[in-house]
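*Asks:* After the structure tokens below, expect a handful of questions from me.
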Amino acid sequence: MKQVNIKPSLDVRLSDLKLVLGPELRIVYPLILNFTVSGELELNGQAHPKWIKPKGILTFENGDVNLVATQVRSP
């Protein structure tokens, strides 16, 4: 059997896709970061991680950062 890699010729674009995030959305990097985030984003551009253009405001409600031996906390 022969494997053939075919890339689809689709050009998927995002146009004013609005995302409302939160209030219980968390950004977590285990043992390092843990934040609650809310806000609104608008996405435009080609649907590829390198070419999406986000616009909007995210609010970091609360959380903490652990920098090895130092801890920084937000309210």
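Residue numbering restarts at 1 for every chain of the structure tokens, chains are lettered A, B, ... in their displayed order, and ligands are numbered from 1 as they appear.
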Any idea what's packed within 7 Å of segment 18-27 of chain A, counting only C-alpha atoms, ignoring anything in its chain fewer than 3 positions away? Could you give it as a ChimeraX atom specification?
*Replies:* /A:34-43
*Asks:* Can those selected residues be exported to a file as an mmCIF file, in the first residue's frame so that it contains all heavy atoms?
*Replies:*
```cif
data_model
loop_
_atom_site.group_PDB
_atom_site.id
_atom_site.type_symbol
_atom_site.label_atom_id
_atom_site.label_comp_id
_atom_site.auth_asym_id
_atom_site.auth_seq_id
_atom_site.Cartn_x
_atom_site.Cartn_y
_atom_site.Cartn_z
ATOM 1 N N ASN A 34 -1.934 29.831 37.168
ATOM 2 C CA ASN A 34 -3.329 29.466 37.364
ATOM 3 C C ASN A 34 -4.136 30.767 37.470
ATOM 4 O O ASN A 34 -4.092 31.435 38.498
ATOM 5 C CB ASN A 34 -3.489 28.616 38.622
ATOM 6 C CG ASN A 34 -4.879 28.039 38.751
ATOM 7 O OD1 ASN A 34 -5.774 28.373 37.991
ATOM 8 N ND2 ASN A 34 -5.051 27.185 39.731
ATOM 9 N N PHE A 35 -4.836 31.163 36.388
ATOM 10 C CA PHE A 35 -5.572 32.417 36.349
ATOM 11 C C PHE A 35 -7.009 32.195 35.910
ATOM 12 O O PHE A 35 -7.287 31.361 35.060
ATOM 13 C CB PHE A 35 -4.943 33.404 35.357
ATOM 14 C CG PHE A 35 -3.688 34.056 35.851
ATOM 15 C CD1 PHE A 35 -2.458 33.598 35.450
ATOM 16 C CD2 PHE A 35 -3.750 35.124 36.726
ATOM 17 C CE1 PHE A 35 -1.295 34.196 35.896
ATOM 18 C CE2 PHE A 35 -2.596 35.731 37.184
ATOM 19 C CZ PHE A 35 -1.370 35.261 36.763
ATOM 20 N N THR A 36 -7.925 33.005 36.449
ATOM 21 C CA THR A 36 -9.294 33.089 35.959
ATOM 22 C C THR A 36 -9.339 34.261 34.994
ATOM 23 O O THR A 36 -8.862 35.346 35.305
ATOM 24 C CB THR A 36 -10.280 33.333 37.114
ATOM 25 O OG1 THR A 36 -10.128 32.294 38.074
ATOM 26 C CG2 THR A 36 -11.706 33.349 36.624
ATOM 27 N N VAL A 37 -9.910 34.023 33.784
ATOM 28 C CA VAL A 37 -9.905 35.029 32.726
ATOM 29 C C VAL A 37 -11.318 35.225 32.182
ATOM 30 O O VAL A 37 -12.090 34.275 32.071
ATOM 31 C CB VAL A 37 -8.983 34.569 31.573
ATOM 32 C CG1 VAL A 37 -8.950 35.599 30.460
ATOM 33 C CG2 VAL A 37 -7.586 34.300 32.064
ATOM 34 N N SER A 38 -11.652 36.474 31.847
ATOM 35 C CA SER A 38 -12.912 36.762 31.158
ATOM 36 C C SER A 38 -12.651 37.867 30.152
ATOM 37 O O SER A 38 -11.629 38.544 30.199
ATOM 38 C CB SER A 38 -13.997 37.165 32.157
ATOM 39 O OG SER A 38 -13.643 38.366 32.794
ATOM 40 N N GLY A 39 -13.582 38.032 29.232
ATOM 41 C CA GLY A 39 -13.438 39.095 28.246
ATOM 42 C C GLY A 39 -14.071 38.737 26.925
ATOM 43 O O GLY A 39 -14.799 37.759 26.803
ATOM 44 N N GLU A 40 -13.771 39.558 25.918
ATOM 45 C CA GLU A 40 -14.295 39.352 24.575
ATOM 46 C C GLU A 40 -13.163 39.450 23.574
ATOM 47 O O GLU A 40 -12.300 40.316 23.683
ATOM 48 C CB GLU A 40 -15.357 40.404 24.244
ATOM 49 C CG GLU A 40 -16.602 40.272 25.079
ATOM 50 C CD GLU A 40 -17.688 41.249 24.658
ATOM 51 O OE1 GLU A 40 -17.599 41.819 23.555
ATOM 52 O OE2 GLU A 40 -18.620 41.426 25.450
ATOM 53 N N LEU A 41 -13.179 38.552 22.586
ATOM 54 C CA LEU A 41 -12.200 38.564 21.501
ATOM 55 C C LEU A 41 -12.931 38.549 20.175
ATOM 56 O O LEU A 41 -13.985 37.933 20.036
ATOM 57 C CB LEU A 41 -11.285 37.338 21.564
ATOM 58 C CG LEU A 41 -10.216 37.296 22.630
ATOM 59 C CD1 LEU A 41 -9.446 35.987 22.530
ATOM 60 C CD2 LEU A 41 -9.271 38.468 22.502
ATOM 61 N N GLU A 42 -12.345 39.210 19.196
ATOM 62 C CA GLU A 42 -12.833 39.157 17.823
ATOM 63 C C GLU A 42 -11.700 38.589 16.984
ATOM 64 O O GLU A 42 -10.562 39.047 17.070
ATOM 65 C CB GLU A 42 -13.189 40.563 17.354
ATOM 66 C CG GLU A 42 -13.751 40.624 15.964
ATOM 67 C CD GLU A 42 -14.126 42.040 15.595
ATOM 68 O OE1 GLU A 42 -14.992 42.618 16.266
ATOM 69 O OE2 GLU A 42 -13.528 42.562 14.638
ATOM 70 N N LEU A 43 -12.001 37.556 16.192
ATOM 71 C CA LEU A 43 -10.987 36.889 15.380
ATOM 72 C C LEU A 43 -11.230 37.152 13.903
ATOM 73 O O LEU A 43 -12.342 37.037 13.412
ATOM 74 C CB LEU A 43 -11.002 35.378 15.642
ATOM 75 C CG LEU A 43 -10.800 34.939 17.093
ATOM 76 C CD1 LEU A 43 -10.884 33.436 17.196
ATOM 77 C CD2 LEU A 43 -9.491 35.456 17.651
#
```
*Asks:* Write out as JSON, numbers by chain which residues come within 12 Å of Ile52 of chain A when counting only C-alpha atoms, dropping same-chain ones fewer than 6 positions away.
*Replies:* {"A": [12, 13, 14, 15, 16, 17, 41, 42, 43, 44, 45, 46]}
*Asks:* I need the residues from that last selection saved to file as a JSON list (two decimals), in the first residue's frame (with N, CA and C atoms), if you can.
*Replies:*
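Saved the output as again25.json:
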```json
[["chain", "number", "residue", "atom", "x", "y", "z"],
["A", 12, "VAL", "N", -10.16, 28.68, 4.45],
["A", 12, "VAL", "CA", -11.15, 29.04, 5.47],
["A", 12, "VAL", "C", -10.68, 30.32, 6.14],
["A", 13, "ARG", "N", -11.56, 31.32, 6.17],
["A", 13, "ARG", "CA", -11.23, 32.60, 6.76],
["A", 13, "ARG", "C", -12.24, 32.94, 7.86],
["A", 14, "LEU", "N", -11.76, 33.63, 8.87],
["A", 14, "LEU", "CA", -12.63, 34.11, 9.94],
["A", 14, "LEU", "C", -12.88, 35.59, 9.71],
["A", 15, "SER", "N", -14.14, 35.98, 9.85],
["A", 15, "SER", "CA", -14.49, 37.38, 9.65],
["A", 15, "SER", "C", -15.39, 37.83, 10.80],
["A", 16, "ASP", "N", -14.81, 38.62, 11.69],
["A", 16, "ASP", "CA", -15.53, 39.16, 12.85],
["A", 16, "ASP", "C", -16.17, 38.07, 13.71],
["A", 17, "LEU", "N", -15.45, 36.97, 13.93],
["A", 17, "LEU", "CA", -15.93, 35.92, 14.83],
["A", 17, "LEU", "C", -15.76, 36.42, 16.26],
["A", 41, "LEU", "N", -13.18, 38.55, 22.59],
["A", 41, "LEU", "CA", -12.20, 38.56, 21.50],
["A", 41, "LEU", "C", -12.93, 38.55, 20.17],
["A", 42, "GLU", "N", -12.34, 39.21, 19.20],
["A", 42, "GLU", "CA", -12.83, 39.16, 17.82],
["A", 42, "GLU", "C", -11.70, 38.59, 16.98],
["A", 43, "LEU", "N", -12.00, 37.56, 16.19],
["A", 43, "LEU", "CA", -10.99, 36.89, 15.38],
["A", 43, "LEU", "C", -11.23, 37.15, 13.90],
["A", 44, "ASN", "N", -10.15, 37.50, 13.20],
["A", 44, "ASN", "CA", -10.19, 37.75, 11.76],
["A", 44, "ASN", "C", -8.97, 37.12, 11.11],
["A", 45, "GLY", "N", -9.09, 36.78, 9.84],
["A", 45, "GLY", "CA", -7.96, 36.26, 9.09],
["A", 45, "GLY", "C", -8.12, 34.80, 8.72],
["A", 46, "GLN", "N", -7.10, 34.29, 8.05],
["A", 46, "GLN", "CA", -7.12, 32.89, 7.62],
["A", 46, "GLN", "C", -7.08, 31.99, 8.85]]
```
*Asks:* Would you mind listing what lies within 12 Å of Pro30 of chain A as a count of residues only, with only C-alpha atoms counted and same-chain residues fewer than 6 positions away left out?
*Replies:* 4
